[in-house]
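K.L.:
File name query.cif; file contents mmCIF, C-alpha atoms and all ligand atoms; full text below.
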```cif
data_target
loop_
_atom_site.label_atom_id
_atom_site.label_comp_id
_atom_site.auth_asym_id
_atom_site.auth_seq_id
_atom_site.Cartn_x
_atom_site.Cartn_y
_atom_site.Cartn_z
CA MET A 1 -12.13 -16.00 6.81
CA ASN A 2 -14.75 -15.32 4.20
CA LEU A 3 -14.36 -11.91 2.53
CA GLU A 4 -17.77 -11.86 0.84
CA GLY A 5 -19.61 -8.62 1.55
CA ARG A 6 -16.73 -7.21 3.60
CA ARG A 7 -15.90 -3.56 2.99
CA VAL A 8 -12.28 -3.02 2.05
CA LEU A 9 -10.63 0.40 1.70
CA ILE A 10 -7.52 0.36 -0.49
CA THR A 11 -5.35 3.45 -0.83
CA GLY A 12 -3.35 3.85 -4.04
CA ALA A 13 -5.63 1.53 -6.02
CA SER A 14 -4.97 3.17 -9.40
CA SER A 15 -1.82 1.17 -10.09
CA GLY A 16 0.51 -1.69 -9.14
CA ILE A 17 0.03 -3.43 -5.80
CA GLY A 18 -3.11 -1.49 -4.81
CA ARG A 19 -4.81 -2.31 -8.10
CA ALA A 20 -3.84 -5.99 -7.79
CA CYS A 21 -5.24 -6.05 -4.23
CA ALA A 22 -8.53 -4.58 -5.50
CA MET A 23 -8.77 -7.35 -8.09
CA ARG A 24 -8.05 -10.09 -5.51
CA PHE A 25 -10.56 -8.74 -2.97
CA ALA A 26 -13.21 -8.34 -5.69
CA GLN A 27 -12.67 -11.98 -6.74
CA ARG A 28 -13.43 -12.91 -3.14
CA GLY A 29 -16.71 -10.93 -3.22
CA ALA A 30 -15.60 -7.99 -1.08
CA ASN A 31 -17.08 -4.51 -1.66
CA LEU A 32 -14.44 -1.89 -2.27
CA LEU A 33 -13.61 1.70 -1.48
CA LEU A 34 -10.78 2.69 -3.80
CA ILE A 35 -8.80 5.90 -3.53
CA ALA A 36 -5.91 7.49 -5.41
CA ARG A 37 -5.35 10.76 -7.22
CA ARG A 38 -5.97 9.42 -10.76
CA LYS A 39 -9.77 9.25 -10.79
CA ASP A 40 -10.05 8.05 -14.41
CA ARG A 41 -8.03 4.94 -13.64
CA LEU A 42 -10.12 4.19 -10.57
CA ARG A 43 -13.34 4.55 -12.55
CA GLU A 44 -12.05 2.19 -15.23
CA LEU A 45 -11.07 -0.40 -12.61
CA SER A 46 -14.37 0.00 -10.81
CA ASN A 47 -16.33 -0.70 -14.02
CA VAL A 48 -14.31 -3.85 -14.67
CA LEU A 49 -14.71 -5.16 -11.12
CA SER A 50 -18.44 -4.40 -10.87
CA VAL A 51 -19.18 -6.18 -14.14
CA LYS A 52 -16.77 -9.10 -13.66
CA ASN A 53 -17.24 -9.78 -9.96
CA GLY A 54 -20.62 -8.22 -9.23
CA VAL A 55 -19.24 -6.32 -6.25
CA GLU A 56 -20.02 -2.78 -5.17
CA VAL A 57 -17.23 -0.29 -5.68
CA ILE A 58 -16.91 3.32 -4.53
CA THR A 59 -14.05 5.31 -6.00
CA HIS A 60 -12.79 8.67 -4.90
CA GLY A 61 -10.03 10.89 -6.22
CA LEU A 62 -8.07 11.69 -3.10
CA ASP A 63 -4.58 12.79 -2.21
CA VAL A 64 -3.73 11.12 1.11
CA ARG A 65 -1.41 14.04 1.92
CA ASN A 66 -4.40 16.33 2.21
CA ARG A 67 -5.62 15.70 5.75
CA GLU A 68 -8.76 17.82 5.41
CA SER A 69 -9.86 15.90 2.31
CA VAL A 70 -9.12 12.56 3.97
CA VAL A 71 -11.10 13.44 7.09
CA SER A 72 -14.04 15.00 5.26
CA TRP A 73 -14.37 12.12 2.77
CA LEU A 74 -14.24 9.44 5.46
CA ASP A 75 -16.56 11.45 7.72
CA GLY A 76 -19.05 11.87 4.90
CA LEU A 77 -19.35 8.18 4.11
CA GLU A 78 -22.76 6.76 4.87
CA GLN A 79 -23.51 3.42 6.46
CA PRO A 80 -22.83 0.66 5.69
CA TRP A 81 -19.72 2.05 3.93
CA LYS A 82 -18.60 3.85 7.05
CA SER A 83 -18.02 0.46 8.70
CA ILE A 84 -14.75 -0.49 7.06
CA ASP A 85 -13.66 -4.06 7.75
CA ILE A 86 -10.22 -3.98 6.14
CA LEU A 87 -7.91 -1.07 5.39
CA VAL A 88 -5.02 -1.68 3.00
CA ASN A 89 -2.58 1.19 3.46
CA ASN A 90 -0.78 0.94 0.15
CA ALA A 91 -0.47 4.47 -1.32
CA GLY A 92 3.19 5.37 -1.37
CA LEU A 93 6.16 6.25 -3.48
CA ALA A 94 9.90 6.71 -3.70
CA ARG A 95 11.46 9.77 -5.27
CA GLY A 96 15.10 9.79 -6.29
CA LEU A 97 18.10 7.75 -5.22
CA ALA A 98 20.58 10.54 -4.49
CA PRO A 99 22.97 10.57 -1.54
CA LEU A 100 21.47 12.54 1.31
CA HIS A 101 23.67 15.63 0.89
CA LYS A 102 22.54 15.91 -2.73
CA GLY A 103 18.92 14.97 -2.17
CA SER A 104 15.97 17.04 -3.29
CA VAL A 105 14.03 18.49 -0.37
CA GLU A 106 10.85 18.41 -2.49
CA ASP A 107 11.35 14.67 -3.03
CA TRP A 108 11.87 14.13 0.71
CA GLU A 109 8.72 16.02 1.56
CA GLU A 110 6.65 14.13 -0.97
CA MET A 111 7.82 10.77 0.41
CA ILE A 112 7.34 11.68 4.06
CA ASP A 113 3.99 13.40 3.44
CA THR A 114 2.65 10.42 1.47
CA ASN A 115 4.24 7.34 3.02
CA VAL A 116 4.12 8.45 6.65
CA LYS A 117 1.70 11.32 7.17
CA GLY A 118 -0.85 10.18 4.56
CA LEU A 119 -0.88 6.69 6.01
CA LEU A 120 -1.37 8.14 9.50
CA TYR A 121 -4.23 10.43 8.43
CA VAL A 122 -6.18 7.57 6.85
CA THR A 123 -5.43 5.11 9.65
CA ARG A 124 -6.43 7.50 12.42
CA GLU A 125 -9.86 8.06 10.88
CA VAL A 126 -10.56 4.41 10.09
CA VAL A 127 -9.28 2.62 13.19
CA GLY A 128 -11.65 4.41 15.61
CA GLY A 129 -14.62 2.91 13.75
CA MET A 130 -13.02 -0.53 13.74
CA ILE A 131 -12.55 -0.37 17.49
CA SER A 132 -16.20 0.66 17.99
CA ASN A 133 -17.27 -2.28 15.82
CA GLY A 134 -15.03 -4.65 17.81
CA HIS A 135 -13.28 -5.91 14.70
CA GLY A 136 -11.23 -4.77 11.74
CA HIS A 137 -7.92 -5.33 10.02
CA VAL A 138 -5.27 -2.83 8.99
CA ILE A 139 -2.82 -4.20 6.43
CA ASN A 140 0.12 -1.91 5.78
CA ILE A 141 2.27 -2.22 2.70
CA GLY A 142 5.75 -1.62 4.10
CA SER A 143 8.94 -2.61 2.33
CA ILE A 144 12.27 -4.37 2.70
CA ALA A 145 13.35 -0.69 2.84
CA GLY A 146 11.66 -0.58 6.25
CA HIS A 147 14.09 -3.21 7.53
CA GLU A 148 17.32 -2.37 5.69
CA VAL A 149 18.98 0.78 4.42
CA TYR A 150 20.73 0.89 1.03
CA PRO A 151 22.81 3.52 -0.81
CA GLY A 152 20.65 6.47 -1.81
CA GLY A 153 17.68 4.96 0.04
CA ASN A 154 18.05 7.40 2.96
CA VAL A 155 14.69 9.20 3.14
CA TYR A 156 12.58 6.53 1.39
CA CYS A 157 14.02 3.96 3.83
CA ALA A 158 13.31 6.35 6.72
CA SER A 159 9.69 6.61 5.59
CA LYS A 160 9.37 2.82 5.40
CA PHE A 161 11.13 2.33 8.76
CA ALA A 162 8.44 4.70 10.05
CA VAL A 163 5.77 2.43 8.54
CA THR A 164 7.37 -0.52 10.38
CA ALA A 165 7.25 1.45 13.64
CA ILE A 166 3.65 2.60 13.06
CA ASN A 167 2.64 -0.98 12.22
CA ARG A 168 4.19 -2.26 15.45
CA GLY A 169 2.86 0.62 17.55
CA LEU A 170 -0.68 0.28 16.21
CA ALA A 171 -0.68 -3.45 17.00
CA ILE A 172 0.13 -2.60 20.63
CA ASP A 173 -2.39 0.25 20.79
CA THR A 174 -5.24 -1.88 19.44
CA LEU A 175 -4.45 -4.98 21.48
CA GLY A 176 -7.65 -6.40 22.98
CA THR A 177 -9.95 -4.36 20.71
CA GLY A 178 -10.52 -7.05 18.07
CA VAL A 179 -8.54 -5.08 15.48
CA ARG A 180 -5.72 -6.90 13.73
CA VAL A 181 -2.67 -5.15 12.31
CA SER A 182 -0.44 -6.72 9.68
CA SER A 183 2.31 -5.59 7.39
CA VAL A 184 3.40 -7.02 4.05
CA ASP A 185 6.92 -5.85 3.29
CA PRO A 186 8.09 -6.66 -0.24
CA GLY A 187 11.42 -6.48 -2.03
CA MET A 188 11.44 -5.59 -5.73
CA VAL A 189 7.99 -5.55 -7.33
CA GLU A 190 7.46 -4.65 -10.98
CA THR A 191 4.95 -1.77 -10.96
CA GLU A 192 5.11 1.94 -11.80
CA PHE A 193 7.22 2.39 -8.66
CA LEU A 194 10.57 2.86 -10.44
CA LEU A 195 9.12 5.11 -13.10
CA VAL A 196 7.89 7.34 -10.27
CA ARG A 197 11.19 7.04 -8.36
CA PHE A 198 13.16 8.16 -11.43
CA HIS A 199 10.69 10.90 -12.37
CA GLY A 200 9.55 9.14 -15.55
CA ASP A 201 13.01 8.01 -16.79
CA ASP A 202 12.06 4.54 -18.07
CA LYS A 203 15.62 3.70 -19.24
CA LYS A 204 16.91 4.09 -15.68
CA ALA A 205 13.97 2.12 -14.33
CA GLU A 206 14.53 -0.79 -16.73
CA THR A 207 18.13 -1.44 -15.59
CA VAL A 208 17.05 -2.18 -12.00
CA TYR A 209 15.45 -5.50 -12.97
CA GLU A 210 18.08 -6.53 -15.50
CA GLY A 211 18.82 -10.27 -15.28
CA LEU A 212 16.37 -11.06 -12.50
CA GLN A 213 12.70 -11.73 -12.07
CA PRO A 214 11.08 -9.29 -9.66
CA LEU A 215 7.81 -10.00 -7.84
CA ALA A 216 4.61 -9.19 -9.69
CA ALA A 217 2.02 -6.92 -8.06
CA ASP A 218 -0.26 -9.94 -7.81
CA ASP A 219 2.34 -11.82 -5.70
CA VAL A 220 1.99 -9.07 -3.11
CA ALA A 221 -1.81 -9.04 -3.44
CA ASP A 222 -1.75 -12.80 -2.83
CA ALA A 223 0.14 -12.19 0.44
CA VAL A 224 -2.33 -9.46 1.43
CA GLU A 225 -5.21 -11.84 0.71
CA TYR A 226 -3.49 -14.47 2.87
CA CYS A 227 -3.27 -11.98 5.78
CA ALA A 228 -6.92 -10.99 5.34
CA THR A 229 -8.22 -14.55 5.33
CA ARG A 230 -6.64 -15.94 8.52
CA PRO A 231 -9.15 -17.08 11.12
CA PRO A 232 -9.99 -14.36 13.69
CA HIS A 233 -7.63 -15.77 16.36
CA ALA A 234 -4.59 -15.68 14.02
CA ASN A 235 -2.71 -12.70 12.69
CA VAL A 236 0.25 -12.20 10.38
CA ARG A 237 2.22 -9.43 12.08
CA GLU A 238 4.92 -8.88 9.48
CA MET A 239 5.62 -10.69 6.25
CA ILE A 240 8.79 -10.06 4.25
CA LEU A 241 8.17 -11.13 0.67
CA MET A 242 11.14 -11.17 -1.70
CA PRO A 243 11.87 -12.27 -5.25
CA THR A 244 13.84 -15.53 -5.10
CA ALA A 245 16.66 -13.65 -6.83
CA GLN A 246 16.86 -11.03 -4.05
CA ALA A 247 18.23 -12.07 -0.64
CA ALA A 248 18.42 -8.57 0.81
CA ALA A 249 17.92 -5.01 -0.43
CA VAL A 250 21.22 -4.94 -2.37
CA HIS A 251 21.98 -8.66 -2.61
CA THR A 252 20.60 -9.92 -5.88
CA HIS A 253 21.40 -12.76 -8.25
CA ARG A 254 21.36 -11.74 -11.91
CA GLU A 255 21.63 -14.02 -14.94
CA SER A 256 23.67 -12.34 -17.63
P1 LIG A 301 2.82 2.30 -8.09
O1 LIG A 301 3.51 3.56 -8.43
O2 LIG A 301 2.44 1.38 -9.19
O3 LIG A 301 1.51 2.62 -7.24
C1 LIG A 301 1.51 3.59 -6.22
C2 LIG A 301 0.07 3.93 -5.88
O4 LIG A 301 0.07 4.90 -4.82
C3 LIG A 301 -0.68 4.54 -7.05
O5 LIG A 301 -1.98 4.01 -7.09
C4 LIG A 301 -0.72 6.02 -6.72
O6 LIG A 301 -1.92 6.58 -7.25
C5 LIG A 301 -0.80 5.96 -5.19
N1 LIG A 301 -0.38 7.21 -4.59
C6 LIG A 301 0.83 7.80 -4.61
N2 LIG A 301 0.80 8.97 -3.99
C7 LIG A 301 -0.48 9.16 -3.55
C8 LIG A 301 -1.14 10.18 -2.85
N3 LIG A 301 -0.50 11.29 -2.46
N4 LIG A 301 -2.45 10.03 -2.56
C9 LIG A 301 -3.12 8.92 -2.96
N5 LIG A 301 -2.55 7.91 -3.62
C10 LIG A 301 -1.23 8.02 -3.92
O7 LIG A 301 3.76 1.56 -7.06
P2 LIG A 301 3.58 0.24 -6.16
O8 LIG A 301 2.32 -0.44 -6.46
O9 LIG A 301 4.83 -0.51 -6.27
O10 LIG A 301 3.55 0.90 -4.71
C11 LIG A 301 2.58 0.58 -3.74
C12 LIG A 301 3.23 0.53 -2.38
O11 LIG A 301 4.17 -0.55 -2.35
C13 LIG A 301 4.02 1.77 -1.97
O12 LIG A 301 3.74 2.07 -0.63
C14 LIG A 301 5.47 1.34 -2.13
O13 LIG A 301 6.33 2.06 -1.29
C15 LIG A 301 5.38 -0.12 -1.75
N6 LIG A 301 6.46 -0.99 -2.20
C16 LIG A 301 6.76 -1.09 -3.53
C17 LIG A 301 7.79 -1.93 -3.94
C18 LIG A 301 8.20 -2.06 -5.37
O14 LIG A 301 9.34 -2.52 -5.63
N7 LIG A 301 7.37 -1.71 -6.33
C19 LIG A 301 8.51 -2.75 -2.97
C20 LIG A 301 8.11 -2.55 -1.60
C21 LIG A 301 7.11 -1.72 -1.26
P3 LIG A 301 -2.05 8.03 -7.89
O15 LIG A 301 -0.74 8.39 -8.53
O16 LIG A 301 -3.16 7.86 -8.87
O17 LIG A 301 -2.43 8.93 -6.75
C1 LIG A 302 10.63 -0.77 -2.62
C2 LIG A 302 11.76 -1.72 -2.55
O1 LIG A 302 14.29 -1.93 -2.43
O2 LIG A 302 13.36 -0.38 -4.06
O3 LIG A 302 10.17 -0.43 -1.35
O4 LIG A 302 13.34 0.14 -1.73
S1 LIG A 302 13.25 -0.93 -2.69
#
```
I'd like the structure from this file rewritten - as C-alpha cells, please.
Ligand code: NDP
Ligand code: 8X3

P.N.:
Amino acid sequence: MNLEGRRVLITGASSGIGRACAMRFAQRGANLLLIARRKDRLRELSNVLSVKNGVEVITHGLDVRNRESVVSWLDGLEQPWKSIDILVNNAGLARGLAPLHKGSVEDWEEMIDTNVKGLLYVTREVVGGMISNGHGHVINIGSIAGHEVYPGGNVYCASKFAVTAINRGLAIDTLGTGVRVSSVDPGMVETEFLLVRFHGDDKKAETVYEGLQPLAADDVADAVEYCATRPPHANVREMILMPTAQAAAVHTHRES
C-alpha cells in the first residue's frame, strides 16, 4: 500500500521507536500527527521532517494519561486531519524492576495509566472515525513482555499483556469494518526505555545490553512500516521481533 498523503497519528513520537516510525512514515510521504509530552523535541523533529520530506506535520504536547486532553485535542482537529488513516499506539514506559512486594505504587500507576489507559483513551477516540470512513489501521507497539513474564517485570508485563488482549479484542470488535489491527511486539530495543525504567540511572541501564546487540528503534519502525504497507486484504496480526541474541525475555546470548 502507498502511504503518500495518508494521515498517521503516532503517540510517543519524541523519542525511540515513535520517533523512528515518524521518520519512516515521512520518508514514505505520509502526513503526520505527532504527540508526546516533550513539545520541544516534537517541534524539532517536525522541522526536520517538513524540510527533508516535504510532508505536513502537526505536533501537540499531550499526556496520553489525561483523558480530557486526549478527547478535546482529537475532537478539535479539523478535516482532513480528523480522518486518521493509521494510528501507531507507541507511547509507553516501564518503571522499576523490583519484586512485586517491594514495588513502588507510583511506578505501577504510571505504567498502567500510560500503557493501558492512555492507549485505550486514544484508540477509543480514533477508531470510531476509522469505522465511519470504512478503513483505517491501528498498530500497537506491544512487547515480548506481553507474551512472557520475567523477574521484576510484574506490573510492566501486566500492562503489556493488557496491550496484547486489547489488540486481540479490537481486531474482533472491528471485524468487517475495514479497520485493520496489528501489533509489533519487540524484545530489547536500544532507546531511552531503560533510562526511564531505572529513573535516569544510566550505569544500570548500560549493563542490560552488555555483550549483545539489541534492536535499533529503526528495526521496529521497519516492522511497523511493513505492517502499514500490506495490501488491504492482508493484515499482520502480531509480530514478535527480537534481537538475534535474545531467544526469549531472559534467554540471551552474550559475548564476553
Ligand atoms: P522511549 O523512552 O525512547 O520512548 C517512549 C515514548 O513514549 C517517548 O516519546 C515519550 O515521550 C512517550 N511517552 C511516555 N509517556 C507518555 C505519556 N504519558 N504521554 C505521551 N507520551 C508518553 O522508549 P521506546 O521507544 O523504547 O518505547 C516505545 C514503546 O515501545 C513503549 O510502549 C515500550 O513499552 C515499547 N517497547 C520498548 C522496548 C525496548 O526495549 N525499548 C521493547 C518492547 C516494547 P514524552 O516523554 O516526551 O512524553
Ligand atoms: C521492553 C522489553 O524485555 O525489557 O518491553 O520488557 S523488556

K.L.:
Nearest residue to Asp219 in chain A out of A:Leu3, A:Ala248, A:Ala165, A:Met188, using all atoms listed in the file?

P.N.:
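Answer, going by the shortest atom-to-atom distance: A:Met188.
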
K.L.:
Let me see if you get this right: every residue at most 8 Å from ligand LIG 301 (chain A), counting all atoms listed in the file, written as a ChimeraX atom specification.

P.N.:
/A:11-19,35-39,41,61-66,89-94,110,113-115,118,141-145,160,185-196,215,217

K.L.:
Could you work out an axis-aligned bounding box for all listed atoms of ligand LIG 302 (chain A), with 6 Å added on each of the six sides, and give its centre and edge lengths in Å to one decimal, as lines of an AutoDock Vina configuration file?

P.N.:
```
center_x = 12.2
center_y = -0.9
center_z = -2.7
size_x = 16.1
size_y = 14.1
size_z = 14.7
```

K.L.:
Please determine, counting only C-alpha atoms and all ligand atoms, which residue among A:Gly176, A:Gly153, A:Gly211, A:Gly103 has the shortest atom-to-atom distance to ligand LIG 302 (chain A).

P.N.:
A:Gly153

K.L.:
For Ser183 in chain A, work out the shell of residues within 10 Å, counting all atoms listed in the file and skipping chain neighbours fewer than 6 positions away, then give it as an MDAnalysis selection string.

P.N.:
chainID A and resid 88:89 138:143 163:164 167:168 223:224 227 236:240

K.L.:
Mind writing the picked residues with C-alpha atoms as a PDB file, in the coordinates of the input?

P.N.:
```
ATOM      1  CA  VAL A  88      -5.020  -1.680   3.000  1.00  0.00           C
ATOM      2  CA  ASN A  89      -2.580   1.190   3.460  1.00  0.00           C
ATOM      3  CA  VAL A 138      -5.270  -2.830   8.990  1.00  0.00           C
ATOM      4  CA  ILE A 139      -2.820  -4.200   6.430  1.00  0.00           C
ATOM      5  CA  ASN A 140       0.120  -1.910   5.780  1.00  0.00           C
ATOM      6  CA  ILE A 141       2.270  -2.220   2.700  1.00  0.00           C
ATOM      7  CA  GLY A 142       5.750  -1.620   4.100  1.00  0.00           C
ATOM      8  CA  SER A 143       8.940  -2.610   2.330  1.00  0.00           C
ATOM      9  CA  VAL A 163       5.770   2.430   8.540  1.00  0.00           C
ATOM     10  CA  THR A 164       7.370  -0.520  10.380  1.00  0.00           C
ATOM     11  CA  ASN A 167       2.640  -0.980  12.220  1.00  0.00           C
ATOM     12  CA  ARG A 168       4.190  -2.260  15.450  1.00  0.00           C
ATOM     13  CA  ALA A 223       0.140 -12.190   0.440  1.00  0.00           C
ATOM     14  CA  VAL A 224      -2.330  -9.460   1.430  1.00  0.00           C
ATOM     15  CA  CYS A 227      -3.270 -11.980   5.780  1.00  0.00           C
ATOM     16  CA  VAL A 236       0.250 -12.200  10.380  1.00  0.00           C
ATOM     17  CA  ARG A 237       2.220  -9.430  12.080  1.00  0.00           C
ATOM     18  CA  GLU A 238       4.920  -8.880   9.480  1.00  0.00           C
ATOM     19  CA  MET A 239       5.620 -10.690   6.250  1.00  0.00           C
ATOM     20  CA  ILE A 240       8.790 -10.060   4.250  1.00  0.00           C
TER      21      ILE A 240
END
```

K.L.:
Using all atoms listed in the file, can you tell me which of A:Tyr156, A:Tyr226, A:Phe161, A:Tyr209 comes closest to ligand LIG 302 (chain A)?

P.N.:
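Distance minimum relative to ligand LIG 302 (chain A) lands on A:Tyr156.
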
K.L.:
May I have the residues at most 9 Å from (-6.0, -10.4, -6.1) in the file's coordinates, counting all atoms listed in the file, as a list in words?

P.N.:
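The residues near that point, listed by chain and number, are Arg19, Ala20, Cys21, Ala22, Met23, Arg24, Phe25, Ala26, Gln27, Arg28, Ala217, Asp218, Asp219, Val220, Ala221, Asp222, Val224 and Glu225 of chain A.
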
K.L.:
Find the residues near Asn2 in chain A: any atom within 10 Å, counting all atoms listed in the file, skip ones fewer than 6 places away on the same chain, and give them as a VMD selection string.

P.N.:
chain A and resid 28 to 30 228 to 231

K.L.:
Quick one: contact table of range 129-170 of chain A to range 68-82 of chain A, 12 Å max, nearest atom pair and distance in Å to one decimal per residue, counting all atoms listed in the file, chain and number order, as a tab-separated table?

P.N.:
```
residue	atom	partner	partner_atom	distance
A:Gly129	CA	A:Lys82	CA	7.8
A:Met130	CA	A:Lys82	CA	9.8
A:Ser132	CA	A:Lys82	CA	11.6
A:Asn133	CA	A:Lys82	CA	10.8
```
